[in-house]
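Data block for upload05.json (JSON, C-alpha atoms):
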```json
[["chain", "number", "residue", "atom", "x", "y", "z"],
["A", 4, "MET", "CA", 0.00, 0.00, 0.00],
["A", 5, "PHE", "CA", 1.11, 3.57, -0.62],
["A", 6, "ALA", "CA", 1.74, 6.04, 2.20],
["A", 7, "GLU", "CA", -0.86, 8.62, 3.09],
["A", 8, "PRO", "CA", -0.69, 11.70, 0.84],
["A", 9, "ALA", "CA", 0.20, 15.14, 2.14],
["A", 10, "ASP", "CA", 0.34, 18.38, 0.16],
["A", 11, "VAL", "CA", 2.61, 16.97, -2.52],
["A", 12, "LEU", "CA", -0.23, 17.28, -5.03],
["A", 13, "LEU", "CA", -2.13, 20.53, -5.48],
["A", 14, "ILE", "CA", -5.61, 20.39, -7.00],
["A", 15, "GLU", "CA", -7.28, 23.49, -8.40],
["A", 16, "ARG", "CA", -10.88, 23.35, -9.60],
["A", 17, "ARG", "CA", -11.56, 26.22, -11.97],
["A", 18, "PRO", "CA", -15.08, 27.55, -12.62],
["A", 19, "ASP", "CA", -15.02, 26.54, -16.30],
["A", 20, "GLY", "CA", -14.77, 22.84, -15.45],
["A", 21, "VAL", "CA", -10.98, 22.65, -15.80],
["A", 22, "ALA", "CA", -9.02, 20.91, -13.05],
["A", 23, "VAL", "CA", -5.30, 21.62, -12.62],
["A", 24, "LEU", "CA", -3.15, 18.99, -10.91],
["A", 25, "THR", "CA", 0.28, 20.26, -9.84],
["A", 26, "LEU", "CA", 2.95, 17.78, -8.80],
["A", 27, "ASN", "CA", 4.22, 19.70, -5.79],
["A", 28, "ASP", "CA", 7.47, 18.18, -4.58],
["A", 29, "PRO", "CA", 10.09, 20.42, -6.20],
["A", 30, "GLY", "CA", 12.78, 19.38, -3.72],
["A", 31, "ARG", "CA", 12.68, 15.90, -5.25],
["A", 32, "ARG", "CA", 11.98, 17.27, -8.73],
["A", 33, "ASN", "CA", 8.43, 15.90, -8.43],
["A", 34, "ALA", "CA", 9.63, 12.30, -8.29],
["A", 35, "MET", "CA", 6.84, 9.74, -8.18],
["A", 36, "ALA", "CA", 7.43, 8.76, -4.55],
["A", 37, "ASP", "CA", 4.91, 6.84, -2.47],
["A", 38, "ASP", "CA", 3.25, 9.93, -0.96],
["A", 39, "LEU", "CA", 2.78, 11.61, -4.34],
["A", 40, "THR", "CA", 1.57, 8.35, -5.87],
["A", 41, "ALA", "CA", -1.06, 7.94, -3.16],
["A", 42, "ALA", "CA", -2.23, 11.53, -3.59],
["A", 43, "TRP", "CA", -2.41, 11.05, -7.36],
["A", 44, "LYS", "CA", -4.48, 7.89, -7.02],
["A", 45, "ARG", "CA", -7.05, 9.60, -4.81],
["A", 46, "ALA", "CA", -7.19, 12.70, -7.01],
["A", 47, "VAL", "CA", -7.85, 10.77, -10.22],
["A", 48, "GLU", "CA", -10.56, 8.73, -8.52],
["A", 49, "ASP", "CA", -12.23, 11.97, -7.39],
["A", 50, "LEU", "CA", -11.97, 13.46, -10.88],
["A", 51, "ARG", "CA", -13.54, 10.38, -12.41],
["A", 52, "ALA", "CA", -16.64, 10.96, -10.28],
["A", 53, "ASP", "CA", -16.90, 14.68, -11.15],
["A", 54, "ALA", "CA", -19.79, 15.12, -13.59],
["A", 55, "GLY", "CA", -18.91, 18.77, -14.20],
["A", 56, "LEU", "CA", -15.33, 18.08, -15.26],
["A", 57, "ARG", "CA", -14.45, 19.26, -18.78],
["A", 58, "CYS", "CA", -10.64, 19.05, -18.98],
["A", 59, "VAL", "CA", -7.63, 18.21, -16.80],
["A", 60, "VAL", "CA", -4.22, 19.93, -16.89],
["A", 61, "VAL", "CA", -1.18, 18.33, -15.26],
["A", 62, "THR", "CA", 1.97, 20.32, -14.48],
["A", 63, "GLY", "CA", 4.87, 20.42, -12.04],
["A", 64, "ALA", "CA", 6.05, 22.85, -9.37],
["A", 65, "GLY", "CA", 9.55, 24.25, -9.62],
["A", 66, "THR", "CA", 11.94, 23.55, -12.47],
["A", 67, "ALA", "CA", 10.83, 20.00, -13.34],
["A", 68, "PHE", "CA", 7.67, 18.38, -14.61],
["A", 69, "SER", "CA", 8.71, 15.07, -13.06],
["A", 70, "SER", "CA", 11.98, 13.20, -12.65],
["A", 71, "GLY", "CA", 10.05, 9.93, -12.80],
["A", 72, "GLY", "CA", 10.14, 7.01, -10.40],
["A", 73, "GLU", "CA", 12.08, 7.35, -7.18],
["A", 74, "LEU", "CA", 15.36, 5.51, -7.71],
["A", 75, "SER", "CA", 16.44, 5.09, -4.09],
["A", 76, "TRP", "CA", 14.37, 1.94, -3.58],
["A", 77, "LEU", "CA", 15.93, 0.16, -6.59],
["A", 78, "ALA", "CA", 19.15, -0.63, -4.73],
["A", 79, "GLY", "CA", 17.39, -3.21, -2.58],
["A", 80, "THR", "CA", 15.36, -4.93, -5.28],
["A", 81, "GLY", "CA", 18.09, -7.41, -6.24],
["A", 82, "ASP", "CA", 17.16, -9.64, -3.30],
["A", 83, "VAL", "CA", 13.41, -9.51, -3.98],
["A", 84, "ALA", "CA", 11.65, -12.18, -6.03],
["A", 85, "VAL", "CA", 10.17, -11.22, -9.40],
["A", 86, "PRO", "CA", 6.45, -11.85, -8.56],
["A", 87, "PRO", "CA", 6.21, -9.23, -5.77],
["A", 88, "LEU", "CA", 8.21, -6.75, -7.85],
["A", 89, "ARG", "CA", 5.83, -7.33, -10.74],
["A", 90, "ASP", "CA", 2.84, -6.69, -8.50],
["A", 91, "ARG", "CA", 4.38, -3.50, -7.15],
["A", 92, "MET", "CA", 5.25, -2.18, -10.59],
["A", 93, "LEU", "CA", 1.83, -2.98, -12.06],
["A", 94, "GLU", "CA", 0.14, -1.08, -9.24],
["A", 95, "PHE", "CA", 2.50, 1.88, -9.76],
["A", 96, "TYR", "CA", 1.99, 1.94, -13.54],
["A", 97, "ARG", "CA", -1.78, 1.59, -13.35],
["A", 98, "THR", "CA", -2.10, 4.25, -10.67],
["A", 99, "TRP", "CA", -0.29, 6.89, -12.70],
["A", 100, "LEU", "CA", -1.69, 5.88, -16.08],
["A", 101, "ALA", "CA", -5.26, 6.02, -14.72],
["A", 102, "ILE", "CA", -5.37, 9.56, -16.10],
["A", 103, "ARG", "CA", -5.62, 7.97, -19.52],
["A", 104, "GLY", "CA", -8.94, 6.45, -18.51],
["A", 105, "LEU", "CA", -10.62, 9.77, -17.71],
["A", 106, "GLU", "CA", -13.44, 10.54, -20.13],
["A", 107, "VAL", "CA", -12.43, 14.18, -20.55],
["A", 108, "PRO", "CA", -9.40, 15.46, -22.51],
["A", 109, "THR", "CA", -6.15, 15.77, -20.57],
["A", 110, "ILE", "CA", -3.22, 18.13, -21.10],
["A", 111, "ALA", "CA", 0.37, 17.88, -19.85],
["A", 112, "ALA", "CA", 1.93, 21.30, -19.27],
["A", 113, "VAL", "CA", 5.55, 20.17, -19.26],
["A", 114, "ASN", "CA", 7.08, 23.09, -17.41],
["A", 115, "GLY", "CA", 10.53, 21.51, -17.11],
["A", 116, "HIS", "CA", 12.47, 18.27, -17.34],
["A", 117, "ALA", "CA", 10.37, 15.12, -17.88],
["A", 118, "VAL", "CA", 12.34, 11.95, -17.25],
["A", 119, "GLY", "CA", 11.45, 8.26, -17.54],
["A", 120, "ALA", "CA", 8.08, 7.56, -15.97],
["A", 121, "GLY", "CA", 7.55, 11.33, -15.71],
["A", 122, "LEU", "CA", 7.80, 11.62, -19.48],
["A", 123, "CYS", "CA", 5.47, 8.63, -19.84],
["A", 124, "LEU", "CA", 2.91, 10.47, -17.71],
["A", 125, "ALA", "CA", 3.05, 13.38, -20.16],
["A", 126, "LEU", "CA", 2.72, 11.00, -23.11],
["A", 127, "ALA", "CA", -0.34, 9.41, -21.50],
["A", 128, "CYS", "CA", -2.17, 12.75, -21.72],
["A", 129, "ASP", "CA", -4.11, 13.67, -24.85],
["A", 130, "LEU", "CA", -2.16, 16.88, -25.51],
["A", 131, "ARG", "CA", 1.30, 18.08, -24.47],
["A", 132, "TYR", "CA", 2.78, 21.58, -24.34],
["A", 133, "ALA", "CA", 6.40, 21.93, -23.22],
["A", 134, "ALA", "CA", 8.93, 24.53, -22.21],
["A", 135, "ARG", "CA", 11.34, 25.04, -25.09],
["A", 136, "ASP", "CA", 14.33, 24.36, -22.85],
["A", 137, "ALA", "CA", 12.85, 21.38, -21.00],
["A", 138, "LYS", "CA", 14.77, 18.11, -21.33],
["A", 139, "LEU", "CA", 12.74, 15.03, -22.29],
["A", 140, "LEU", "CA", 14.43, 11.68, -21.87],
["A", 141, "ALA", "CA", 13.84, 8.03, -20.96],
["A", 142, "PRO", "CA", 17.13, 6.67, -19.54],
["A", 143, "PHE", "CA", 15.82, 3.24, -18.57],
["A", 144, "THR", "CA", 18.49, 1.10, -20.25],
["A", 145, "ALA", "CA", 21.26, 3.41, -19.02],
["A", 146, "LEU", "CA", 20.20, 2.34, -15.52],
["A", 147, "GLY", "CA", 20.10, -1.32, -16.48],
["A", 148, "LEU", "CA", 16.31, -1.29, -16.60],
["A", 149, "HIS", "CA", 13.79, -2.35, -19.19],
["A", 150, "PRO", "CA", 11.45, 0.58, -19.96],
["A", 151, "GLY", "CA", 8.32, 0.70, -17.83],
["A", 152, "MET", "CA", 5.15, 2.77, -17.39],
["A", 153, "ALA", "CA", 3.94, 1.66, -20.86],
["A", 154, "ALA", "CA", 6.90, 3.40, -22.52],
["A", 155, "THR", "CA", 7.12, 0.77, -25.24],
["A", 156, "TRP", "CA", 3.50, 1.54, -26.15],
["A", 157, "LEU", "CA", 3.33, 5.29, -25.55],
["A", 158, "PHE", "CA", 6.47, 6.38, -27.42],
["A", 159, "PRO", "CA", 5.53, 4.63, -30.71],
["A", 160, "GLU", "CA", 1.90, 5.71, -30.37],
["A", 161, "VAL", "CA", 2.77, 9.38, -29.95],
["A", 162, "ALA", "CA", 5.81, 9.85, -32.18],
["A", 163, "GLY", "CA", 6.34, 6.64, -34.13],
["A", 164, "LEU", "CA", 8.82, 3.77, -33.94],
["A", 165, "PRO", "CA", 11.93, 5.54, -35.28],
["A", 166, "LEU", "CA", 11.98, 8.13, -32.50],
["A", 167, "ALA", "CA", 10.87, 5.55, -29.92],
["A", 168, "ARG", "CA", 13.85, 3.36, -30.82],
["A", 169, "GLU", "CA", 16.25, 6.28, -30.72],
["A", 170, "MET", "CA", 15.08, 7.45, -27.29],
["A", 171, "LEU", "CA", 14.60, 4.04, -25.66],
["A", 172, "LEU", "CA", 17.59, 2.24, -27.19],
["A", 173, "ALA", "CA", 20.12, 5.01, -27.78],
["A", 174, "GLY", "CA", 19.08, 7.34, -24.95],
["A", 175, "ARG", "CA", 18.45, 10.36, -27.15],
["A", 176, "VAL", "CA", 17.57, 13.49, -25.17],
["A", 177, "LEU", "CA", 15.22, 16.06, -26.70],
["A", 178, "THR", "CA", 14.58, 19.63, -25.72],
["A", 179, "GLY", "CA", 10.96, 20.75, -25.67],
["A", 180, "ALA", "CA", 11.57, 22.63, -28.91],
["A", 181, "GLU", "CA", 13.02, 19.51, -30.57],
["A", 182, "ALA", "CA", 10.19, 17.38, -29.20],
["A", 183, "ALA", "CA", 7.66, 19.69, -30.86],
["A", 184, "GLY", "CA", 9.45, 19.21, -34.17],
["A", 185, "HIS", "CA", 9.16, 15.43, -33.81],
["A", 186, "GLY", "CA", 5.54, 15.43, -32.65],
["A", 187, "LEU", "CA", 6.39, 14.18, -29.17],
["A", 188, "VAL", "CA", 4.71, 17.34, -27.85],
["A", 189, "ASN", "CA", 2.16, 19.50, -29.65],
["A", 190, "GLN", "CA", 3.92, 22.82, -29.21],
["A", 191, "ALA", "CA", 6.78, 24.37, -27.25],
["A", 192, "PHE", "CA", 6.74, 27.77, -25.55],
["A", 193, "PRO", "CA", 8.99, 29.86, -23.31],
["A", 194, "ARG", "CA", 9.04, 28.23, -19.88],
["A", 195, "GLU", "CA", 7.09, 31.05, -18.24],
["A", 196, "ASP", "CA", 4.25, 30.71, -20.77],
["A", 197, "VAL", "CA", 3.71, 26.94, -20.77],
["A", 198, "LEU", "CA", 1.00, 26.75, -18.12],
["A", 199, "ALA", "CA", -0.89, 29.80, -19.42],
["A", 200, "GLU", "CA", -0.85, 28.43, -22.97],
["A", 201, "SER", "CA", -2.00, 25.02, -21.73],
["A", 202, "LEU", "CA", -4.83, 26.59, -19.72],
["A", 203, "ALA", "CA", -5.91, 28.56, -22.80],
["A", 204, "VAL", "CA", -6.25, 25.29, -24.72],
["A", 205, "ALA", "CA", -8.07, 23.72, -21.75],
["A", 206, "ALA", "CA", -10.52, 26.63, -21.72],
["A", 207, "ARG", "CA", -11.26, 26.11, -25.41],
["A", 208, "ILE", "CA", -11.85, 22.40, -24.80],
["A", 209, "ALA", "CA", -14.08, 23.17, -21.81],
["A", 210, "ALA", "CA", -16.20, 25.46, -23.98],
["A", 211, "GLN", "CA", -17.04, 22.66, -26.43],
["A", 212, "ALA", "CA", -20.01, 20.31, -26.12],
["A", 213, "PRO", "CA", -19.13, 17.76, -23.41],
["A", 214, "ILE", "CA", -20.90, 14.73, -24.90],
["A", 215, "ALA", "CA", -19.37, 15.28, -28.33],
["A", 216, "THR", "CA", -15.95, 15.90, -26.79],
["A", 217, "ARG", "CA", -15.99, 12.73, -24.69],
["A", 218, "LEU", "CA", -17.14, 10.56, -27.59],
["A", 219, "THR", "CA", -14.46, 12.09, -29.82],
["A", 220, "LYS", "CA", -11.81, 11.27, -27.20],
["A", 221, "VAL", "CA", -12.97, 7.64, -27.25],
["A", 222, "ALA", "CA", -12.78, 7.57, -31.04],
["A", 223, "LEU", "CA", -9.18, 8.82, -31.01],
["A", 224, "ALA", "CA", -7.99, 6.60, -28.15],
["A", 225, "ASN", "CA", -5.11, 4.18, -28.64],
["A", 226, "GLY", "CA", -4.14, 5.53, -32.02],
["A", 227, "GLY", "CA", -7.65, 5.79, -33.43],
["A", 228, "HIS", "CA", -9.63, 3.22, -35.40],
["A", 229, "PRO", "CA", -7.84, 0.33, -37.12],
["A", 230, "ASP", "CA", -9.43, 1.14, -40.48],
["A", 231, "MET", "CA", -11.94, 3.48, -42.14],
["A", 232, "GLU", "CA", -14.83, 1.01, -41.93],
["A", 233, "SER", "CA", -14.40, 0.81, -38.15],
["A", 234, "ALA", "CA", -14.44, 4.61, -38.01],
["A", 235, "LEU", "CA", -17.63, 4.77, -40.07],
["A", 236, "ARG", "CA", -19.37, 2.23, -37.84],
["A", 237, "TRP", "CA", -18.41, 4.15, -34.72],
["A", 238, "GLU", "CA", -19.38, 7.53, -36.16],
["A", 239, "SER", "CA", -22.72, 6.24, -37.47],
["A", 240, "LEU", "CA", -23.62, 5.50, -33.84],
["A", 241, "ALA", "CA", -21.82, 8.31, -31.99],
["A", 242, "GLN", "CA", -22.98, 11.14, -34.23],
["A", 243, "PRO", "CA", -26.69, 10.27, -33.82],
["A", 244, "VAL", "CA", -26.14, 10.23, -30.04],
["A", 245, "THR", "CA", -25.03, 13.86, -30.25],
["A", 246, "MET", "CA", -27.83, 14.68, -32.71],
["A", 247, "ALA", "CA", -30.30, 13.72, -30.00],
["A", 248, "SER", "CA", -28.68, 16.00, -27.41],
["A", 249, "ARG", "CA", -29.74, 19.42, -26.19],
["A", 250, "ASP", "CA", -26.18, 20.52, -26.80],
["A", 251, "MET", "CA", -26.55, 20.11, -30.56],
["A", 252, "ARG", "CA", -29.68, 22.25, -30.52],
["A", 253, "GLU", "CA", -27.84, 24.85, -28.46],
["A", 254, "GLY", "CA", -24.89, 24.78, -30.86],
["A", 255, "LEU", "CA", -27.13, 25.35, -33.88],
["A", 256, "ALA", "CA", -29.06, 28.11, -32.10],
["A", 257, "ALA", "CA", -25.82, 29.85, -31.09],
["A", 258, "GLN", "CA", -24.58, 29.73, -34.67],
["A", 259, "ARG", "CA", -27.84, 31.24, -35.95],
["A", 260, "GLU", "CA", -27.83, 33.93, -33.30],
["A", 261, "LYS", "CA", -24.10, 34.66, -33.71],
["A", 262, "ARG", "CA", -23.26, 34.09, -30.03],
["A", 263, "SER", "CA", -21.13, 31.73, -28.01],
["A", 264, "PRO", "CA", -22.91, 28.46, -27.16],
["A", 265, "GLN", "CA", -23.60, 27.55, -23.54],
["A", 266, "PHE", "CA", -23.37, 23.78, -23.46],
["A", 267, "SER", "CA", -24.90, 21.85, -20.55],
["A", 268, "GLY", "CA", -23.71, 18.33, -21.37],
["A", 269, "GLU", "CA", -27.30, 17.13, -21.91]]
```
What's the structure tokens form of this structure?
Amino acid sequence: MFAEPADVLLIERRPDGVAVLTLNDPGRRNAMADDLTAAWKRAVEDLRADAGLRCVVVTGAGTAFSSGGELSWLAGTGDVAVPPLRDRMLEFYRTWLAIRGLEVPTIAAVNGHAVGAGLCLALACDLRYAARDAKLLAPFTALGLHPGMAATWLFPEVAGLPLAREMLLAGRVLTGAEAAGHGLVNQAFPREDVLAESLAVAARIAAQAPIATRLTKVALANGGHPDMESALRWESLAQPVTMASRDMREGLAAQREKRSPQFSGE
């Protein structure tokens, strides 16, 4: 079991339905220690139950987004059998990657260095905006470790196999600006602007129709549909669901009346 959380995770609920989660352990460069992991688990569970949630933004306090898993405990794992290590790692992975299961869009505001599992957390979000001078790296094999935290799925899904191989096998380090050029993040900004730019995107997402947004997120999950026919079958069901909603009527009325729509999620 994880330790009880303290104030290592800050949660801000904004009036537009955006929630901001700030990894708040700058002294440890927001490492995914037990206390932060426990706080994260509880926060994501609470967000999942929030019917008014429209978008989630994740960022870090201080100069790092996250330095990844806490390495101090690795020294003693050589005497531990594989089955209990497997159980521990699965629980750790699933706890942090639970953000991927939220129905609303998620954004990583990568304010600084994102390393290993910390970078995987950013890749698990739907959108990523990074500081131009942030360092993004996954030094698993340099530590004698196989990649974890779904790295071997997330890196190819986001940026393709060539870059995944270069980062996971050769240890390539990217700046935020370089990562934007490779599609590993959506855009890069000056460090002081990353959170504001991410919140601006979150506000635009929050202003869209919630039912349509959530169904669209499902359609784009895990790399999208395997083929066009699968997409057509999904859309022929999902689009009529939104056609029957009050939100569609509100959207059409707002367009006619040349005003901003006020979506209710109904």
Spatial neighbours of Val161 (chain A), 8 Å, all atoms listed in the file, chain gap at least 4 places, as a PyMOL selection string: chain A and resi 126+157+186-187
Written selection (C-alpha atoms) as a CSV table (one decimal), keeping the file's coordinate frame:
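Output contents, as saved in part.csv:
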```
chain,number,residue,atom,x,y,z
A,126,LEU,CA,2.7,11.0,-23.1
A,157,LEU,CA,3.3,5.3,-25.6
A,186,GLY,CA,5.5,15.4,-32.6
A,187,LEU,CA,6.4,14.2,-29.2
```
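Candidate residues A:Ala42, A:Val11, A:Ala36, A:Ala209 were compared for distance to Ala64 (chain A), and the nearest is A:Val11, using only C-alpha atoms.
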Check which residues of region 146-255 of chain A sit at most 12 Å from region 45-55 of chain A using all atoms listed in the file, and return one row each with the closest pair of atoms and their distance in Å to one decimal, ordered by chain and rising number, as JSON lines.
```
{"residue": "A:Ala209", "atom": "CA", "partner": "A:Gly55", "partner_atom": "CA", "distance": 10.0}
{"residue": "A:Pro213", "atom": "CA", "partner": "A:Gly55", "partner_atom": "CA", "distance": 9.3}
{"residue": "A:Ile214", "atom": "CA", "partner": "A:Ala54", "partner_atom": "CA", "distance": 11.4}
{"residue": "A:Arg217", "atom": "CA", "partner": "A:Ala54", "partner_atom": "CA", "distance": 12.0}
```
Near-Ala210 (chain A) list (12 Å; only C-alpha atoms; drop same-chain fewer than 4 positions) as JSON, numbers by chain: {"A": [18, 19, 20, 21, 56, 57, 58, 203, 204, 205, 206, 214, 215, 216, 250, 254, 263, 264, 265, 266, 267, 268]}
Among listed residues A:Pro87, A:Pro29, A:Gly151, A:Pro108, nearest Gln211 (chain A) (using only C-alpha atoms):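 Under the stated criterion, the closest residue is A:Pro108.
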Selected residue of minimal separation from Asn114 (chain A) among A:Gly184, A:Pro193, A:Pro150, A:Gly163, counting only C-alpha atoms: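 Among the listed residues, the smallest separation from Asn114 (chain A) belongs to A:Pro193.
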Atom pair CA of Asp10 (chain A) / CA of Ala67 (chain A): separation (Å): 17.2 Å
Pick from A:Val188, A:Ile14, A:Val118, A:Leu124 nearest to Asn27 (chain A), counting all atoms listed in the file: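 For Asn27 (chain A), the nearest of the given residues is A:Ile14.
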Test item: residues at most 12 Å from Leu218 (chain A), all atoms listed in the file, excluding those fewer than 2 positions along its chain, as a list of chain:residue names: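 So the residues in contact are A:Leu105, A:Glu106, A:Val107, A:Pro108, A:Ala212, A:Pro213, A:Ile214, A:Ala215, A:Thr216, A:Lys220, A:Val221, A:Ala222, A:Leu223, A:Ala224, A:Trp237, A:Glu238, A:Leu240, A:Ala241, A:Gln242, A:Pro243, A:Val244, A:Thr245, A:Gly268.
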Those same residues, written as an mmCIF file, keeping the file's coordinate frame with C-alpha atoms?
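What landed in part-v2.cif:
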```
data_model
loop_
_atom_site.group_PDB
_atom_site.id
_atom_site.type_symbol
_atom_site.label_atom_id
_atom_site.label_comp_id
_atom_site.auth_asym_id
_atom_site.auth_seq_id
_atom_site.Cartn_x
_atom_site.Cartn_y
_atom_site.Cartn_z
ATOM 1 C CA LEU A 105 -10.620 9.770 -17.710
ATOM 2 C CA GLU A 106 -13.440 10.540 -20.130
ATOM 3 C CA VAL A 107 -12.430 14.180 -20.550
ATOM 4 C CA PRO A 108 -9.400 15.460 -22.510
ATOM 5 C CA ALA A 212 -20.010 20.310 -26.120
ATOM 6 C CA PRO A 213 -19.130 17.760 -23.410
ATOM 7 C CA ILE A 214 -20.900 14.730 -24.900
ATOM 8 C CA ALA A 215 -19.370 15.280 -28.330
ATOM 9 C CA THR A 216 -15.950 15.900 -26.790
ATOM 10 C CA LYS A 220 -11.810 11.270 -27.200
ATOM 11 C CA VAL A 221 -12.970 7.640 -27.250
ATOM 12 C CA ALA A 222 -12.780 7.570 -31.040
ATOM 13 C CA LEU A 223 -9.180 8.820 -31.010
ATOM 14 C CA ALA A 224 -7.990 6.600 -28.150
ATOM 15 C CA TRP A 237 -18.410 4.150 -34.720
ATOM 16 C CA GLU A 238 -19.380 7.530 -36.160
ATOM 17 C CA LEU A 240 -23.620 5.500 -33.840
ATOM 18 C CA ALA A 241 -21.820 8.310 -31.990
ATOM 19 C CA GLN A 242 -22.980 11.140 -34.230
ATOM 20 C CA PRO A 243 -26.690 10.270 -33.820
ATOM 21 C CA VAL A 244 -26.140 10.230 -30.040
ATOM 22 C CA THR A 245 -25.030 13.860 -30.250
ATOM 23 C CA GLY A 268 -23.710 18.330 -21.370
#
```
Mind checking which residues fall within 6 Å of Ala22 (chain A), counting all atoms listed in the file, ignoring those fewer than 6 positions away in the same chain, and posting them as a PDB file with C-alpha atoms, keeping the file's coordinate frame?
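What follows is the written file out-v5.pdb:
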```
ATOM      1  CA  GLU A  15      -7.280  23.490  -8.400  1.00  0.00           C
ATOM      2  CA  ARG A  16     -10.880  23.350  -9.600  1.00  0.00           C
ATOM      3  CA  VAL A  59      -7.630  18.210 -16.800  1.00  0.00           C
TER       4      VAL A  59
END
```
Neighbour list for Ala134 (chain A) as a ChimeraX atom specification, cut-off 9 Å, only C-alpha atoms, skip fewer than 5 positions in-chain: /A:112-116,178-180,190-197
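Checking A:Ala120, A:Leu235, A:Leu255, A:Met170 one by one against Met92 (chain A), counting only C-alpha atoms, you find the shortest gap at A:Ala120.
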Atomic distance CA of Arg131 (chain A) - CA of Arg236 (chain A), expressed in Å with one decimal: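 Computing it gives 29.3 Å between the two atoms.
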Length of the CA of Thr62 (chain A) to CA of Gly174 (chain A) vector [Å]: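 About the pair CA of Thr62 (chain A) and CA of Gly174 (chain A): they are 23.9 Å apart.
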Nearest to Leu139 (chain A), chosen from A:Ser70, A:Ala84, A:Gly104, A:Glu200, with all atoms listed in the file counted in the distances: A:Ser70
From the structure block, carefully write region 128-141 of chain A out with N, CA, C and O atoms; format it as a CSV table (one decimal), in the first residue's frame.
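Saved result, part-v7.csv, follows:
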```
chain,number,residue,atom,x,y,z
A,128,CYS,N,-1.1,11.7,-21.6
A,128,CYS,CA,-2.2,12.8,-21.7
A,128,CYS,C,-2.5,12.9,-23.2
A,128,CYS,O,-1.7,12.5,-24.1
A,129,ASP,N,-3.7,13.5,-23.5
A,129,ASP,CA,-4.1,13.7,-24.8
A,129,ASP,C,-3.3,14.7,-25.6
A,129,ASP,O,-3.1,14.6,-26.8
A,130,LEU,N,-2.9,15.8,-24.9
A,130,LEU,CA,-2.2,16.9,-25.5
A,130,LEU,C,-1.0,17.2,-24.6
A,130,LEU,O,-1.1,17.1,-23.4
A,131,ARG,N,0.1,17.7,-25.2
A,131,ARG,CA,1.3,18.1,-24.5
A,131,ARG,C,1.8,19.4,-25.0
A,131,ARG,O,2.0,19.6,-26.2
A,132,TYR,N,2.1,20.3,-24.0
A,132,TYR,CA,2.8,21.6,-24.3
A,132,TYR,C,4.0,21.7,-23.4
A,132,TYR,O,3.9,21.5,-22.2
A,133,ALA,N,5.2,22.0,-24.0
A,133,ALA,CA,6.4,21.9,-23.2
A,133,ALA,C,7.2,23.2,-23.3
A,133,ALA,O,7.1,24.0,-24.2
A,134,ALA,N,8.0,23.4,-22.2
A,134,ALA,CA,8.9,24.5,-22.2
A,134,ALA,C,10.0,24.2,-23.3
A,134,ALA,O,10.4,23.1,-23.4
A,135,ARG,N,10.4,25.2,-24.0
A,135,ARG,CA,11.3,25.0,-25.1
A,135,ARG,C,12.7,24.4,-24.6
A,135,ARG,O,13.3,23.6,-25.3
A,136,ASP,N,13.1,24.8,-23.4
A,136,ASP,CA,14.3,24.4,-22.9
A,136,ASP,C,14.2,23.1,-21.9
A,136,ASP,O,15.2,22.7,-21.3
A,137,ALA,N,13.0,22.6,-21.8
A,137,ALA,CA,12.8,21.4,-21.0
A,137,ALA,C,13.6,20.2,-21.6
A,137,ALA,O,13.7,20.2,-22.9
A,138,LYS,N,14.1,19.3,-20.8
A,138,LYS,CA,14.8,18.1,-21.3
A,138,LYS,C,13.8,16.9,-21.2
A,138,LYS,O,13.3,16.7,-20.1
A,139,LEU,N,13.6,16.2,-22.3
A,139,LEU,CA,12.7,15.0,-22.3
A,139,LEU,C,13.6,13.8,-22.6
A,139,LEU,O,14.2,13.7,-23.6
A,140,LEU,N,13.6,12.8,-21.7
A,140,LEU,CA,14.4,11.7,-21.9
A,140,LEU,C,13.9,10.5,-21.1
A,140,LEU,O,13.1,10.6,-20.2
A,141,ALA,N,14.3,9.3,-21.6
A,141,ALA,CA,13.8,8.0,-21.0
A,141,ALA,C,15.0,7.1,-20.8
A,141,ALA,O,15.3,6.2,-21.5
```
